>>> print(open('query.pdb').read())   # PDB, C-alpha atoms
MODEL        1
ATOM      1  CA  MET G   1     244.382-150.120 132.162  1.00  0.00           C
ATOM      2  CA  LEU G   2     243.780-150.137 128.416  1.00  0.00           C
ATOM      3  CA  THR G   3     240.263-150.911 127.246  1.00  0.00           C
ATOM      4  CA  PRO G   4     239.676-153.679 124.669  1.00  0.00           C
ATOM      5  CA  SER G   5     239.415-151.160 121.798  1.00  0.00           C
ATOM      6  CA  GLU G   6     242.695-149.551 122.897  1.00  0.00           C
ATOM      7  CA  GLU G   7     244.387-152.958 123.023  1.00  0.00           C
ATOM      8  CA  GLU G   8     243.143-153.646 119.494  1.00  0.00           C
ATOM      9  CA  ARG G   9     244.530-150.309 118.316  1.00  0.00           C
ATOM     10  CA  LEU G  10     247.875-150.949 120.022  1.00  0.00           C
ATOM     11  CA  ALA G  11     248.139-154.383 118.400  1.00  0.00           C
ATOM     12  CA  LEU G  12     248.055-152.693 114.989  1.00  0.00           C
ATOM     13  CA  ILE G  13     251.067-150.488 115.806  1.00  0.00           C
ATOM     14  CA  ASN G  14     254.335-152.207 114.934  1.00  0.00           C
ATOM     15  CA  HIS G  15     256.919-149.459 115.388  1.00  0.00           C
ATOM     16  CA  PRO G  16     258.336-149.540 118.962  1.00  0.00           C
ATOM     17  CA  ALA G  17     258.499-145.728 119.285  1.00  0.00           C
ATOM     18  CA  LYS G  18     254.906-145.371 118.074  1.00  0.00           C
ATOM     19  CA  ARG G  19     253.771-148.039 120.530  1.00  0.00           C
ATOM     20  CA  ARG G  20     255.453-146.182 123.400  1.00  0.00           C
ATOM     21  CA  GLU G  21     253.894-142.928 122.207  1.00  0.00           C
ATOM     22  CA  PHE G  22     250.448-144.512 122.178  1.00  0.00           C
ATOM     23  CA  ILE G  23     250.826-145.986 125.677  1.00  0.00           C
ATOM     24  CA  HIS G  24     252.268-142.810 127.193  1.00  0.00           C
ATOM     25  CA  SER G  25     249.553-140.641 125.624  1.00  0.00           C
ATOM     26  CA  ARG G  26     246.870-142.860 127.207  1.00  0.00           C
ATOM     27  CA  LYS G  27     248.710-142.741 130.524  1.00  0.00           C
ATOM     28  CA  LEU G  28     248.883-138.939 130.286  1.00  0.00           C
ATOM     29  CA  MET G  29     245.165-138.590 129.506  1.00  0.00           C
ATOM     30  CA  ARG G  30     244.123-140.812 132.394  1.00  0.00           C
ATOM     31  CA  HIS G  31     246.452-139.095 134.851  1.00  0.00           C
ATOM     32  CA  ALA G  32     245.301-135.619 133.775  1.00  0.00           C
ATOM     33  CA  LEU G  33     241.621-136.548 134.057  1.00  0.00           C
ATOM     34  CA  ASN G  34     242.154-138.251 137.432  1.00  0.00           C
ATOM     35  CA  THR G  35     243.981-135.193 138.751  1.00  0.00           C
ATOM     36  CA  HIS G  36     241.534-132.662 137.336  1.00  0.00           C
ATOM     37  CA  PHE G  37     238.406-134.441 138.541  1.00  0.00           C
ATOM     38  CA  GLN G  38     239.988-136.106 141.588  1.00  0.00           C
ATOM     39  CA  LYS G  39     239.135-139.613 140.412  1.00  0.00           C
ATOM     40  CA  ARG G  40     240.888-142.969 140.634  1.00  0.00           C
ATOM     41  CA  ASN G  41     242.372-145.107 137.898  1.00  0.00           C
ATOM     42  CA  GLY G  42     239.821-147.172 136.033  1.00  0.00           C
ATOM     43  CA  THR G  43     237.179-144.425 136.045  1.00  0.00           C
ATOM     44  CA  TRP G  44     237.291-143.448 132.386  1.00  0.00           C
ATOM     45  CA  GLU G  45     235.725-145.357 129.493  1.00  0.00           C
ATOM     46  CA  PHE G  46     237.965-144.995 126.424  1.00  0.00           C
ATOM     47  CA  THR G  47     236.820-146.039 122.955  1.00  0.00           C
ATOM     48  CA  CYS G  48     239.394-145.921 120.153  1.00  0.00           C
ATOM     49  CA  ARG G  49     238.666-144.704 116.635  1.00  0.00           C
ATOM     50  CA  PRO G  50     240.840-145.272 113.539  1.00  0.00           C
ATOM     51  CA  ASP G  51     243.214-142.337 112.928  1.00  0.00           C
ATOM     52  CA  SER G  52     241.429-140.195 115.540  1.00  0.00           C
ATOM     53  CA  PRO G  53     241.720-139.389 119.242  1.00  0.00           C
ATOM     54  CA  PRO G  54     239.715-141.713 121.494  1.00  0.00           C
ATOM     55  CA  ILE G  55     236.218-140.957 122.701  1.00  0.00           C
ATOM     56  CA  ILE G  56     235.805-140.909 126.483  1.00  0.00           C
ATOM     57  CA  THR G  57     232.153-141.755 126.880  1.00  0.00           C
ATOM     58  CA  ASN G  58     231.726-140.895 130.563  1.00  0.00           C
ATOM     59  CA  LEU G  59     233.243-137.421 130.762  1.00  0.00           C
ATOM     60  CA  PRO G  60     231.396-134.954 133.017  1.00  0.00           C
ATOM     61  CA  GLU G  61     228.951-132.652 131.250  1.00  0.00           C
ATOM     62  CA  ASN G  62     230.481-129.686 129.379  1.00  0.00           C
ATOM     63  CA  THR G  63     233.938-131.250 129.386  1.00  0.00           C
ATOM     64  CA  HIS G  64     235.955-130.997 126.174  1.00  0.00           C
ATOM     65  CA  ILE G  65     239.342-132.563 125.458  1.00  0.00           C
ATOM     66  CA  SER G  66     242.041-132.511 122.790  1.00  0.00           C
ATOM     67  CA  LEU G  67     245.201-134.580 122.250  1.00  0.00           C
ATOM     68  CA  SER G  68     248.338-133.980 120.185  1.00  0.00           C
ATOM     69  CA  HIS G  69     251.771-135.565 120.020  1.00  0.00           C
ATOM     70  CA  SER G  70     254.973-134.982 118.081  1.00  0.00           C
ATOM     71  CA  ASN G  71     258.402-136.588 118.218  1.00  0.00           C
ATOM     72  CA  GLY G  72     257.974-138.050 121.701  1.00  0.00           C
ATOM     73  CA  LEU G  73     256.011-135.228 123.345  1.00  0.00           C
ATOM     74  CA  ALA G  74     252.293-135.674 124.029  1.00  0.00           C
ATOM     75  CA  CYS G  75     249.977-132.792 124.979  1.00  0.00           C
ATOM     76  CA  PHE G  76     246.474-133.081 126.386  1.00  0.00           C
ATOM     77  CA  ALA G  77     243.974-130.279 127.051  1.00  0.00           C
ATOM     78  CA  ILE G  78     240.838-130.278 129.216  1.00  0.00           C
ATOM     79  CA  ALA G  79     238.377-127.376 129.068  1.00  0.00           C
ATOM     80  CA  GLN G  80     234.759-126.451 129.727  1.00  0.00           C
ATOM     81  CA  CYS G  81     234.312-125.316 126.105  1.00  0.00           C
ATOM     82  CA  PRO G  82     235.448-126.678 122.720  1.00  0.00           C
ATOM     83  CA  VAL G  83     239.247-126.826 122.753  1.00  0.00           C
ATOM     84  CA  GLY G  84     241.975-127.839 120.344  1.00  0.00           C
ATOM     85  CA  ILE G  85     245.673-128.366 121.062  1.00  0.00           C
ATOM     86  CA  ASP G  86     248.596-128.928 118.715  1.00  0.00           C
ATOM     87  CA  VAL G  87     252.311-129.493 119.275  1.00  0.00           C
ATOM     88  CA  GLU G  88     255.141-129.490 116.742  1.00  0.00           C
ATOM     89  CA  SER G  89     258.897-129.845 116.969  1.00  0.00           C
ATOM     90  CA  ILE G  90     260.281-126.717 115.329  1.00  0.00           C
ATOM     91  CA  GLY G  91     263.607-128.419 114.735  1.00  0.00           C
ATOM     92  CA  LYS G  92     262.310-130.134 111.586  1.00  0.00           C
ATOM     93  CA  LYS G  93     263.954-128.807 108.407  1.00  0.00           C
ATOM     94  CA  ARG G  94     261.486-128.219 105.594  1.00  0.00           C
ATOM     95  CA  ASP G  95     260.935-126.108 102.506  1.00  0.00           C
ATOM     96  CA  PHE G  96     258.881-123.599 104.463  1.00  0.00           C
ATOM     97  CA  GLN G  97     258.077-121.316 101.542  1.00  0.00           C
ATOM     98  CA  ALA G  98     256.719-124.148  99.390  1.00  0.00           C
ATOM     99  CA  LEU G  99     254.731-125.830 102.181  1.00  0.00           C
ATOM    100  CA  ALA G 100     253.300-122.512 103.392  1.00  0.00           C
ATOM    101  CA  LYS G 101     251.468-122.017 100.096  1.00  0.00           C
ATOM    102  CA  LEU G 102     249.401-125.118 100.845  1.00  0.00           C
ATOM    103  CA  PHE G 103     247.762-123.745 103.987  1.00  0.00           C
ATOM    104  CA  MET G 104     248.625-120.098 104.654  1.00  0.00           C
ATOM    105  CA  HIS G 105     246.380-117.075 104.127  1.00  0.00           C
ATOM    106  CA  SER G 106     247.794-114.379 101.826  1.00  0.00           C
ATOM    107  CA  ASP G 107     248.672-112.080 104.738  1.00  0.00           C
ATOM    108  CA  GLU G 108     250.521-114.944 106.439  1.00  0.00           C
ATOM    109  CA  LEU G 109     252.550-115.659 103.292  1.00  0.00           C
ATOM    110  CA  LYS G 110     253.554-112.006 103.237  1.00  0.00           C
ATOM    111  CA  LEU G 111     254.596-112.174 106.880  1.00  0.00           C
ATOM    112  CA  LEU G 112     256.661-115.311 106.200  1.00  0.00           C
ATOM    113  CA  SER G 113     258.466-113.673 103.261  1.00  0.00           C
ATOM    114  CA  GLU G 114     259.212-110.595 105.395  1.00  0.00           C
ATOM    115  CA  ASN G 115     260.749-112.738 108.150  1.00  0.00           C
ATOM    116  CA  ARG G 116     262.876-115.252 106.288  1.00  0.00           C
ATOM    117  CA  GLU G 117     265.457-115.355 109.078  1.00  0.00           C
ATOM    118  CA  ASN G 118     262.711-116.577 111.453  1.00  0.00           C
ATOM    119  CA  ALA G 119     260.931-118.752 108.886  1.00  0.00           C
ATOM    120  CA  PRO G 120     260.810-121.949 111.021  1.00  0.00           C
ATOM    121  CA  GLU G 121     259.216-120.221 114.010  1.00  0.00           C
ATOM    122  CA  THR G 122     256.756-118.243 111.855  1.00  0.00           C
ATOM    123  CA  PHE G 123     255.826-121.392 109.940  1.00  0.00           C
ATOM    124  CA  TYR G 124     255.220-123.561 113.003  1.00  0.00           C
ATOM    125  CA  ARG G 125     253.407-120.858 114.981  1.00  0.00           C
ATOM    126  CA  THR G 126     251.013-120.485 112.071  1.00  0.00           C
ATOM    127  CA  TRP G 127     250.564-124.213 111.516  1.00  0.00           C
ATOM    128  CA  CYS G 128     250.050-124.994 115.220  1.00  0.00           C
ATOM    129  CA  ALA G 129     247.429-122.281 115.667  1.00  0.00           C
ATOM    130  CA  LYS G 130     245.486-123.422 112.613  1.00  0.00           C
ATOM    131  CA  GLU G 131     245.690-127.092 113.603  1.00  0.00           C
ATOM    132  CA  ALA G 132     244.529-126.285 117.136  1.00  0.00           C
ATOM    133  CA  HIS G 133     241.624-124.286 115.706  1.00  0.00           C
ATOM    134  CA  TYR G 134     240.684-127.144 113.388  1.00  0.00           C
ATOM    135  CA  LYS G 135     240.734-129.699 116.215  1.00  0.00           C
ATOM    136  CA  ALA G 136     238.350-127.581 118.290  1.00  0.00           C
ATOM    137  CA  LEU G 137     235.714-127.662 115.542  1.00  0.00           C
ATOM    138  CA  SER G 138     232.961-130.233 115.254  1.00  0.00           C
ATOM    139  CA  PRO G 139     233.287-132.806 112.427  1.00  0.00           C
ATOM    140  CA  GLU G 140     230.600-130.920 110.497  1.00  0.00           C
ATOM    141  CA  GLN G 141     232.480-127.631 110.852  1.00  0.00           C
ATOM    142  CA  GLN G 142     235.759-129.258 109.832  1.00  0.00           C
ATOM    143  CA  MET G 143     234.219-130.275 106.512  1.00  0.00           C
ATOM    144  CA  GLU G 144     233.305-126.656 105.749  1.00  0.00           C
ATOM    145  CA  ILE G 145     236.641-124.958 106.423  1.00  0.00           C
ATOM    146  CA  SER G 146     240.168-124.985 105.020  1.00  0.00           C
ATOM    147  CA  PHE G 147     243.346-123.846 106.731  1.00  0.00           C
ATOM    148  CA  ARG G 148     243.588-120.945 104.289  1.00  0.00           C
ATOM    149  CA  ASP G 149     240.293-119.636 105.689  1.00  0.00           C
ATOM    150  CA  ILE G 150     241.933-119.106 109.092  1.00  0.00           C
ATOM    151  CA  SER G 151     243.994-115.902 109.311  1.00  0.00           C
ATOM    152  CA  LEU G 152     246.558-115.852 112.114  1.00  0.00           C
ATOM    153  CA  LEU G 153     246.914-112.072 111.883  1.00  0.00           C
ATOM    154  CA  LYS G 154     243.180-111.557 112.310  1.00  0.00           C
ATOM    155  CA  ILE G 155     243.309-113.860 115.318  1.00  0.00           C
ATOM    156  CA  ALA G 156     246.222-111.894 116.819  1.00  0.00           C
ATOM    157  CA  ARG G 157     244.306-108.616 116.220  1.00  0.00           C
ATOM    158  CA  LYS G 158     241.365-110.162 118.063  1.00  0.00           C
ATOM    159  CA  GLU G 159     239.156-109.968 114.977  1.00  0.00           C
ATOM    160  CA  SER G 160     238.104-113.546 115.674  1.00  0.00           C
ATOM    161  CA  GLN G 161     235.619-114.840 118.240  1.00  0.00           C
ATOM    162  CA  TRP G 162     238.149-117.508 119.223  1.00  0.00           C
ATOM    163  CA  PHE G 163     240.851-117.334 121.881  1.00  0.00           C
ATOM    164  CA  PHE G 164     244.345-118.560 121.069  1.00  0.00           C
ATOM    165  CA  PHE G 165     247.319-119.271 123.312  1.00  0.00           C
ATOM    166  CA  GLU G 166     250.822-120.550 122.656  1.00  0.00           C
ATOM    167  CA  GLY G 167     253.883-121.736 124.565  1.00  0.00           C
ATOM    168  CA  ARG G 168     257.213-123.550 124.285  1.00  0.00           C
ATOM    169  CA  VAL G 169     258.652-126.651 125.941  1.00  0.00           C
ATOM    170  CA  ASP G 170     262.253-127.062 124.824  1.00  0.00           C
ATOM    171  CA  GLN G 171     262.151-127.313 121.007  1.00  0.00           C
ATOM    172  CA  PHE G 172     258.388-127.796 120.850  1.00  0.00           C
ATOM    173  CA  MET G 173     255.802-125.196 119.899  1.00  0.00           C
ATOM    174  CA  ILE G 174     252.369-125.629 121.519  1.00  0.00           C
ATOM    175  CA  SER G 175     249.146-123.882 120.483  1.00  0.00           C
ATOM    176  CA  VAL G 176     245.705-123.982 122.100  1.00  0.00           C
ATOM    177  CA  ALA G 177     242.414-122.689 120.672  1.00  0.00           C
ATOM    178  CA  LEU G 178     239.208-122.203 122.685  1.00  0.00           C
ATOM    179  CA  THR G 179     235.745-120.889 121.922  1.00  0.00           C
ATOM    180  CA  GLU G 180     235.562-119.063 125.273  1.00  0.00           C
ATOM    181  CA  GLU G 181     238.082-116.958 127.165  1.00  0.00           C
ATOM    182  CA  PRO G 182     239.413-119.021 130.091  1.00  0.00           C
ATOM    183  CA  THR G 183     239.332-117.612 133.608  1.00  0.00           C
ATOM    184  CA  LYS G 184     242.203-119.866 134.672  1.00  0.00           C
ATOM    185  CA  ILE G 185     244.904-121.836 132.884  1.00  0.00           C
ATOM    186  CA  SER G 186     247.014-124.530 134.568  1.00  0.00           C
ATOM    187  CA  CYS G 187     250.013-126.144 132.830  1.00  0.00           C
ATOM    188  CA  SER G 188     251.978-129.173 134.009  1.00  0.00           C
ATOM    189  CA  VAL G 189     254.769-131.221 132.468  1.00  0.00           C
ATOM    190  CA  PHE G 190     255.050-134.964 133.202  1.00  0.00           C
ATOM    191  CA  SER G 191     258.000-137.283 132.746  1.00  0.00           C
ATOM    192  CA  GLN G 192     257.622-140.336 130.539  1.00  0.00           C
ATOM    193  CA  SER G 193     257.970-143.016 133.168  1.00  0.00           C
ATOM    194  CA  HIS G 194     258.122-141.453 136.623  1.00  0.00           C
ATOM    195  CA  SER G 195     256.062-139.204 138.866  1.00  0.00           C
ATOM    196  CA  PRO G 196     254.674-136.013 137.319  1.00  0.00           C
ATOM    197  CA  PHE G 197     256.601-132.832 137.993  1.00  0.00           C
ATOM    198  CA  LEU G 198     255.701-129.197 137.486  1.00  0.00           C
ATOM    199  CA  LYS G 199     257.997-127.213 135.239  1.00  0.00           C
ATOM    200  CA  GLU G 200     257.803-123.729 136.704  1.00  0.00           C
ATOM    201  CA  ASP G 201     258.900-121.911 133.548  1.00  0.00           C
ATOM    202  CA  PHE G 202     256.263-123.503 131.321  1.00  0.00           C
ATOM    203  CA  SER G 203     253.151-121.506 130.540  1.00  0.00           C
ATOM    204  CA  ILE G 204     250.967-120.590 127.611  1.00  0.00           C
ATOM    205  CA  LYS G 205     250.219-116.978 126.774  1.00  0.00           C
ATOM    206  CA  PRO G 206     247.773-115.195 124.456  1.00  0.00           C
ATOM    207  CA  LEU G 207     248.870-115.324 120.826  1.00  0.00           C
ATOM    208  CA  GLN G 208     250.599-112.133 119.677  1.00  0.00           C
ATOM    209  CA  ILE G 209     252.110-111.308 116.289  1.00  0.00           C
ATOM    210  CA  ASN G 210     254.512-108.353 116.024  1.00  0.00           C
ATOM    211  CA  ARG G 211     254.861-106.766 112.617  1.00  0.00           C
TER     212      ARG G 211
ENDMDL
END
>>> encode(input="query.pdb", output="structure tokens")
Amino acid sequence: MLTPSEEERLALINHPAKRREFIHSRKLMRHALNTHFQKRNGTWEFTCRPDSPPIITNLPENTHISLSHSNGLACFAIAQCPVGIDVESIGKKRDFQALAKLFMHSDELKLLSENRENAPETFYRTWCAKEAHYKALSPEQQMEISFRDISLLKIARKESQWFFFEGRVDQFMISVALTEEPTKISCSVFSQSHSPFLKEDFSIKPLQINR
């Protein structure tokens, strides 16, 4: 079902795991769109872009999408307003204090230093929310903002006009950012190679930071 531009993109990927990730992410997007809009396979016109999510040129009006993948898990969001989604495996070991200085707001750095025992979770919650926010912006807006400009604590205190949600699937942290408050949120988990299944305990909830 891949379009010519997708086949060209796939041909440039040599690593077997990355090839599988690419194919499964395209399968996920098509299945989610088919289910959401009650369409059949072959409906959607995908155009690949270098180092960017694909453009789907025939989406219904006021439909916005976002794609993210990490370590074998792909996430795809569909909304009626600008939306961004990000997923990270929080099992990665990093120098959280050093990396945090590259993208965290001053109040976030303080929060990280106060919660050293929970540094991985604090780090990835902050990164995911900022990345989701960034993905929901237009290319013009992305050029005018840095991650340090986005304060997670202000978002949690609802001092932002954006709406943020987060959830967990196994070791993965998932964040979603929207420009409008959703009236309904549906979450589904799909296996890599078999029929989709609903994971009853998976949901995303409004972002909250306890201090």
>>> residues_around(input="query.pdb", residues="Arg49 (chain G)", least_positions_apart="4", cutoff="9 Å", atoms="only C-alpha atoms", output="JSON, numbers by chain")
{"G": [5, 6, 9, 53, 54, 55]}
>>> atom_distance(input="query.pdb", atom1="CA of Phe37 (chain G)", atom2="CA of Ser186 (chain G)")
13.7 Å
>>> axis_aligned_box(input="query.pdb", around="region 92-110 of chain G", padding_each_side="4 Å", output="JSON")
{"center_x": 255.2, "center_y": -121.1, "center_z": 105.5, "size_x": 25.6, "size_y": 26.1, "size_z": 20.2}
>>> closest_residue(input="query.pdb", among="G:Ile90, G:Pro82, G:Arg125, G:Gln142", to="Phe163 (chain G)", atoms="only C-alpha atoms")
G:Pro82
>>> residues_around(input="query.pdb", residues="Gly84 (chain G)", least_positions_apart="4", cutoff="8 Å", atoms="all atoms listed in the file", output="PyMOL selection string")
chain G and resi 65-67+77+131-137+176-178
>>> closest_residue(input="query.pdb", among="G:Val189, G:Met1, G:Leu153, G:Val83", to="Arg40 (chain G)", atoms="only C-alpha atoms")
G:Met1
>>> resolve_selection(input="query.pdb", expression="the PyMOL selection byres ((chain G and resi 71) around 10)", output="list in words")
Ala17, Lys18, Glu21, His69, Ser70, Gly72, Leu73, Ala74, Val87, Glu88, Ser89 and Phe172 of chain G
>>> closest_residue(input="query.pdb", among="G:His64, G:Arg116, G:Cys81, G:Asp107", to="Asp95 (chain G)", atoms="all atoms listed in the file")
G:Arg116
>>> closest_residue(input="query.pdb", among="G:Cys187, G:Ile150, G:Ile78, G:Val169", to="Glu108 (chain G)", atoms="only C-alpha atoms")
G:Ile150
>>> atom_distance(input="query.pdb", atom1="CA of Met29 (chain G)", atom2="CA of Pro4 (chain G)")
16.8 Å
>>> atom_distance(input="query.pdb", atom1="CA of Gln208 (chain G)", atom2="CA of Phe190 (chain G)")
26.9 Å
>>> closest_residue(input="query.pdb", among="G:Ser106, G:Gln80, G:Asn115, G:Ser151", to="Pro182 (chain G)", atoms="only C-alpha atoms")
G:Gln80
>>> residues_around(input="query.pdb", residues="region 110-114 of chain G", least_positions_apart="5", cutoff="12 Å", atoms="all atoms listed in the file", output="list in words")
Phe96, Gln97, Ala98, Leu99, Ala100, Lys101, Met104, His105, Ala119, Pro120, Glu121, Thr122, Phe123, Tyr124, Arg125, Thr126, Ser151, Leu152, Leu153, Ile209, Asn210 and Arg211 of chain G
>>> build_atoms(input="query.pdb", residues="region 34-44 of chain G", atoms="all heavy atoms", output="compact mmCIF listing (two decimals), in the coordinates of the input")
# COMPACT_ATOMS: atom_id res chain seq x y z
N ASN G 34 242.23 -137.88 136.02
CA ASN G 34 242.15 -138.25 137.43
C ASN G 34 242.49 -137.07 138.33
O ASN G 34 241.82 -136.81 139.33
CB ASN G 34 243.11 -139.40 137.74
CG ASN G 34 242.66 -140.72 137.14
OD1 ASN G 34 241.50 -140.86 136.75
ND2 ASN G 34 243.57 -141.66 137.06
N THR G 35 243.55 -136.34 137.95
CA THR G 35 243.98 -135.19 138.75
C THR G 35 242.95 -134.07 138.71
O THR G 35 242.60 -133.48 139.74
CB THR G 35 245.34 -134.68 138.25
OG1 THR G 35 246.31 -135.74 138.32
CG2 THR G 35 245.82 -133.50 139.08
N HIS G 36 242.46 -133.78 137.51
CA HIS G 36 241.53 -132.66 137.34
C HIS G 36 240.21 -132.90 138.06
O HIS G 36 239.67 -132.00 138.69
CB HIS G 36 241.28 -132.44 135.84
CG HIS G 36 240.46 -131.23 135.54
ND1 HIS G 36 240.94 -129.94 135.67
CD2 HIS G 36 239.18 -131.10 135.13
CE1 HIS G 36 240.00 -129.08 135.34
NE2 HIS G 36 238.92 -129.75 135.01
N PHE G 37 239.72 -134.13 137.95
CA PHE G 37 238.41 -134.44 138.54
C PHE G 37 238.51 -135.20 139.86
O PHE G 37 237.49 -135.60 140.42
CB PHE G 37 237.57 -135.25 137.55
CG PHE G 37 237.17 -134.48 136.32
CD1 PHE G 37 237.75 -134.74 135.09
CD2 PHE G 37 236.23 -133.46 136.41
CE1 PHE G 37 237.39 -134.03 133.96
CE2 PHE G 37 235.86 -132.74 135.29
CZ PHE G 37 236.45 -133.03 134.06
N GLN G 38 239.75 -135.40 140.32
CA GLN G 38 239.99 -136.11 141.59
C GLN G 38 239.32 -137.48 141.59
O GLN G 38 238.56 -137.84 142.49
CB GLN G 38 239.50 -135.26 142.77
CG GLN G 38 240.23 -133.93 142.90
CD GLN G 38 239.80 -133.12 144.10
OE1 GLN G 38 238.76 -133.37 144.71
NE2 GLN G 38 240.60 -132.14 144.48
N LYS G 39 239.66 -138.25 140.56
CA LYS G 39 239.14 -139.61 140.41
C LYS G 39 240.27 -140.62 140.53
O LYS G 39 241.45 -140.27 140.54
CB LYS G 39 238.45 -139.76 139.05
CG LYS G 39 237.26 -138.83 138.83
CD LYS G 39 236.07 -139.23 139.70
CE LYS G 39 234.85 -138.38 139.36
NZ LYS G 39 233.67 -138.76 140.18
N ARG G 40 239.91 -141.90 140.57
CA ARG G 40 240.89 -142.97 140.63
C ARG G 40 241.05 -143.61 139.27
O ARG G 40 240.21 -143.47 138.39
CB ARG G 40 240.45 -144.03 141.65
CG ARG G 40 240.39 -143.52 143.09
CD ARG G 40 239.97 -144.65 144.02
NE ARG G 40 239.96 -144.22 145.42
CZ ARG G 40 239.63 -144.99 146.43
NH1 ARG G 40 239.28 -146.26 146.20
NH2 ARG G 40 239.65 -144.53 147.67
N ASN G 41 242.16 -144.36 139.13
CA ASN G 41 242.37 -145.11 137.90
C ASN G 41 241.23 -146.08 137.66
O ASN G 41 240.66 -146.64 138.59
CB ASN G 41 243.68 -145.90 137.97
CG ASN G 41 244.89 -145.00 137.78
OD1 ASN G 41 244.82 -143.98 137.11
ND2 ASN G 41 246.00 -145.38 138.39
N GLY G 42 240.90 -146.27 136.40
CA GLY G 42 239.82 -147.17 136.03
C GLY G 42 238.48 -146.48 135.88
O GLY G 42 237.49 -147.12 135.55
N THR G 43 238.45 -145.16 136.11
CA THR G 43 237.18 -144.43 136.04
C THR G 43 236.71 -144.22 134.61
O THR G 43 235.52 -144.34 134.32
CB THR G 43 237.34 -143.04 136.73
OG1 THR G 43 237.62 -143.23 138.10
CG2 THR G 43 236.07 -142.21 136.56
N TRP G 44 237.64 -143.97 133.70
CA TRP G 44 237.29 -143.45 132.39
C TRP G 44 237.10 -144.54 131.35
O TRP G 44 237.87 -145.50 131.30
CB TRP G 44 238.36 -142.45 131.94
CG TRP G 44 238.63 -141.46 133.01
CD1 TRP G 44 239.73 -141.40 133.82
CD2 TRP G 44 237.76 -140.42 133.47
NE1 TRP G 44 239.61 -140.39 134.73
CE2 TRP G 44 238.41 -139.77 134.54
CE3 TRP G 44 236.50 -139.96 133.07
CZ2 TRP G 44 237.84 -138.69 135.21
CZ3 TRP G 44 235.92 -138.90 133.73
CH2 TRP G 44 236.59 -138.27 134.78
